[in-house]
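Undergrad: Submitted below is the structure of interest, expressed as structure tokens.
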Amino acid sequence: MSPLLQGAITILVGVFGCVGYFYAANLVLDKVIYPARGPNIGRNINRANAIRPWLFLLPAILALSIYLVYPVIGSLFRSLYNRAGDEFIGLGNYAFLFGDGEFQQALFNNALWAIVVPAAATFLGLLVAQLTDRLWWGNIAKSLIFMPMAISFVGASLIWKFVYAGDPDIGIINALRGSLGFDPMDPIQLPFWNNLFLMVILIWIQTGFAMVILSAALRGIPEDTIEAAIIDGAGPFQLFFKI
């Protein structure tokens with residue numbers, strides 16, 4: 001069977017299978033388990049409505065349990081044994097892992113990404129949303145800042161390659177260093193700093209998304225509230241932090 005035909009059959013079976021499941025599940029619930037007739041019709045309808053959302057969630061719960069929860073629990077259980085899986089060693093693997101210098105460095109780098117990137121993207125998005133909220137050309141600025149969200153990570157990496165490239169004829173950083181009399185260097189190979197340079201790329205991409213969400217939240221603040229605060233003597237910083 002060709003991959004194209006196999007994919008089409010899988011889609012058809014999946015779509016019609018889901019439709020058939022939801023139809024049959026609701027039919028059994030409304031006609032067999034809690035029929036909408038008889039003296040208890042009101043109580044049956046309420047019970048059926050309470051169960052109905054779980055019917056829709058059941059396929060997703062089963063899929064997540066089989067393909068996500070079960071493998072995680074199995075991996076945790078197997079991590080308590082040696083490499084061959086025939087000797088229980090408790091937390092020995094974890095003691096070795098957390099004592100390894102490379103793992104500690106990887107854990108530190110992941111913590112930096114988890115803290116710095118969301119915080120910086122949210123802060124810059126909020127700053128841009130606030131500064132461009134009342135400007136006549138604010139929508140143009142927002143469109144330009146949101147544009148990185150529309151490109152792929154591959155496209156972003158190619159763009160930033162011309163910033164970080166070690167060749168002064170290509171990389172902007174090394175071109176500036178050369179104009180100041182410094183020797184060229186490869187920013188991506190600098191210990192510690194290369195991690196921050198890579199974070200800049202993701203912050204550049206995510207700032208536009210944070211800006212759109214926060215700009216919508218700022219637009220949702222009633223004008224009457226802002227005008228009342230201004231009349232009461234609130235300054236720009238008080239409006240920003242308290243309103």
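Order determines the names: the first chain of the structure tokens is A, the second B, and so forth; residues in each chain are numbered 1 upward, and ligands are numbered 1 upward as they are shown.
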Assign secondary structure with DSSP using the backbone only, and return the residues of region 70-132 of chain A in alpha helix (DSSP H) as number ranges by chain.
TA: A: 70-78, 92-98, 101-131
Undergrad: So which residues touch Arg219 (chain A) within 12 Å, counting only C-alpha atoms, skipping near sequence neighbours fewer than 4 positions away, as a PyMOL selection string?
TA: chain A and resi 129-130+132-134+211-215+223+226
Undergrad: From the options A:Ile231, A:Ala210, A:Ile51, A:Ile173, which residue's atoms come nearest to Val128 (chain A), counting only C-alpha atoms?
TA: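 Using only C-alpha atoms, Val128 (chain A) sits closest to A:Ala210.
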Undergrad: In terms of the shortest atom-to-atom distance over only C-alpha atoms, which of A:Tyr94, A:Phe153, A:Tyr67, A:Tyr21 is closest to Ser79 (chain A)?
TA: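 That would be A:Tyr94, the residue with the smallest distance to Ser79 (chain A).
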Undergrad: Using only C-alpha atoms, which protein or nucleic acid residues come within 10 Å of Ile145 (chain A)? Drop anything in the same chain fewer than 6 positions from it, and give the result as a VMD selection string.
TA: chain A and resid 125 128 139 204 to 209 211 to 212
Undergrad: Neighbouring residues of Leu80 (chain A) were defined as those with any atom within 8 Å, considering only C-alpha atoms; residues of the same chain fewer than 2 positions away were excluded. Please report them as an MDAnalysis selection string.
TA: chainID A and resid 76:78 82 88:93
Undergrad: Kindly export the residues of the current selection with C-alpha atoms, as a PDB file, in the first residue's frame.
TA:
ATOM      1  CA  LEU A  76      10.732   6.021  36.099  1.00  0.00           C
ATOM      2  CA  PHE A  77      10.362   2.404  37.209  1.00  0.00           C
ATOM      3  CA  ARG A  78      13.163   1.175  34.901  1.00  0.00           C
ATOM      4  CA  ASN A  82      20.915  -1.020  36.356  1.00  0.00           C
ATOM      5  CA  PHE A  88      17.561  -2.950  41.603  1.00  0.00           C
ATOM      6  CA  ILE A  89      19.870  -0.045  42.497  1.00  0.00           C
ATOM      7  CA  GLY A  90      17.338   2.498  43.803  1.00  0.00           C
ATOM      8  CA  LEU A  91      18.394   6.095  43.209  1.00  0.00           C
ATOM      9  CA  GLY A  92      21.903   5.151  42.115  1.00  0.00           C
ATOM     10  CA  ASN A  93      21.367   6.308  38.545  1.00  0.00           C
TER      11      ASN A  93
END
